[in-house]
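The next block holds one structure in the form of C-alpha cells; read it before the comments.
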Amino acid sequence: MPKKFALKVILLGDSGVGKTSIRRSYMGDSFKQNYNATIGTDLSVKRIGNSFLSIFDLAGQLGYKFIREEYYAGAQGLILVYDLTRKNTANQLDIWFQEIEKNVYPAVPIILVANKSDLERKHNFDASDLIKKIYKWSGIKVHTIETSALTGANIEQMFDLLLKQMEDNISKYENQSKSSLSV
Ligand SMILES: Nc1nc2c(ncn2[C@@H]2O[C@H](COP(=O)(O)OP(=O)(O)OP(=O)(O)O)[C@@H](O)[C@H]2O)c(=O)[nH]1
Ligand SMILES: [Mg+2]
C-alpha cells in the first residue's frame with residue numbers, strides 16, 4: 001500500500017509580506033487586495049496524492065510571538081517570506097531565523113521567498129549571509145524564489161521545491177532510525 005504522510009508547513013515573515021495571500025493562491029482561492037492581518041494563525045489543509053499537507057500561516061506581527069510558539073512543533077518545512085517592495089521586511093529575516101532556531105527541532109528545510117514580484121522592486125536584498133547561516137543550522141540547501149500571490153507566479157513551483165526537500169528529509173530520518181534499530 002502506498003505510504004501516507006501528514007505534512008506540516010509553516011509560513012513566516014513580517015506582517016503584510018503576503019503569507020496569507022500565498023497560502024490562498026496555493027489553495028486556489030481568489031486574491032484579496034484588502035489587507036486583513038492574520039490574528040494568531042490561519043490553517044489550510046491540501047490533499048496531495050496520499051498525503052495531507054497542513055499549511056499554517058502565522059501572524060507576522062511580532063507581538064504574536066507567544067501564540068506563534070505554540071505552532072512550531074512538528075513543522076517539517078518552513079517558508080520564510082519577505083516583500084520586494086519593503087526593505088525592512090528583508091532586514092527582519094535574521095530575527096525570524098532566531099525564532100526558528102529557538103523553536104524548531106530537529107532542523108527542517110527552509111525556502112526563502114521574495115514575494116510581490118508583480119510590483120516594482122524597491123530594494124535588492126543580498127541573502128547570502130542568511131543562507132549560509134540557515135545552511136549551517138539545517139545542512140539542507142536553501143532555495144530562494146520570487147513569487148507573486150497576485151499573479152500566482154512561482155507559487156506552485158515554490159511549494160513543489162519545498163515538498164521535495166521535506167520528503168527527502170523525512171526519508172533521511174526514517175532511514176537513520178531504521179539503521180539505529182538494526183544495530
Ligand atoms: N501586488 C501584490 N500584493 C500582494 C501580494 N501578496 C500580498 N499582497 C497584498 O499585501 C497585503 C498583505 O498581504 P497578506 O497576505 O495579508 O500578508 P500577511 O503576510 O499574511 O500579513 P499578516 O497576516 O499581518 O502577517 C494585502 O493587501 C495583499 O493584497 C503580491 O504578490 N502582489
Ligand atoms: Mg496573514
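Just remember, in the C-alpha cells the first chain shown is A, the second B, etc., residues are 1-based per chain, and ligands are 1-based in the order shown.
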As a ChimeraX atom specification, which residues of region 63-134 of chain A does DSSP assign to alpha helix (DSSP H)?
/A:65-68,87-91,93-103,128-134
Select from region 3-56 of chain A everything DSSP, run on the backbone, classes as strand (DSSP E), then give the selection as a ChimeraX atom specification.
/A:6-12,41-48,51-56
Find the residues around Asn154 (chain A) up to 10 Å (only C-alpha atoms counted), leave out those fewer than 6 positions away in its own chain, and share them as a ChimeraX atom specification.
/A:26,113,115,117,145-148,160
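Across the structure, atom 21 (O, counted along the ligand's line) of ligand 1 and CA of Ala107 (chain A) are spaced 24.8 Å apart.
Nearest residue to Tyr72 (chain A), choosing from A:Ala6, A:Ile100, A:Leu162, A:Leu53 and counting only C-alpha atoms: A:Ile100.
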Give as JSON, numbers by chain the residues surrounding ligand 2 up to a distance of 8 Å, considering only C-alpha atoms and all ligand atoms.
{"A": [15, 16, 18, 19, 20, 21, 36, 37, 38, 39, 41, 42, 57, 58, 59, 60]}
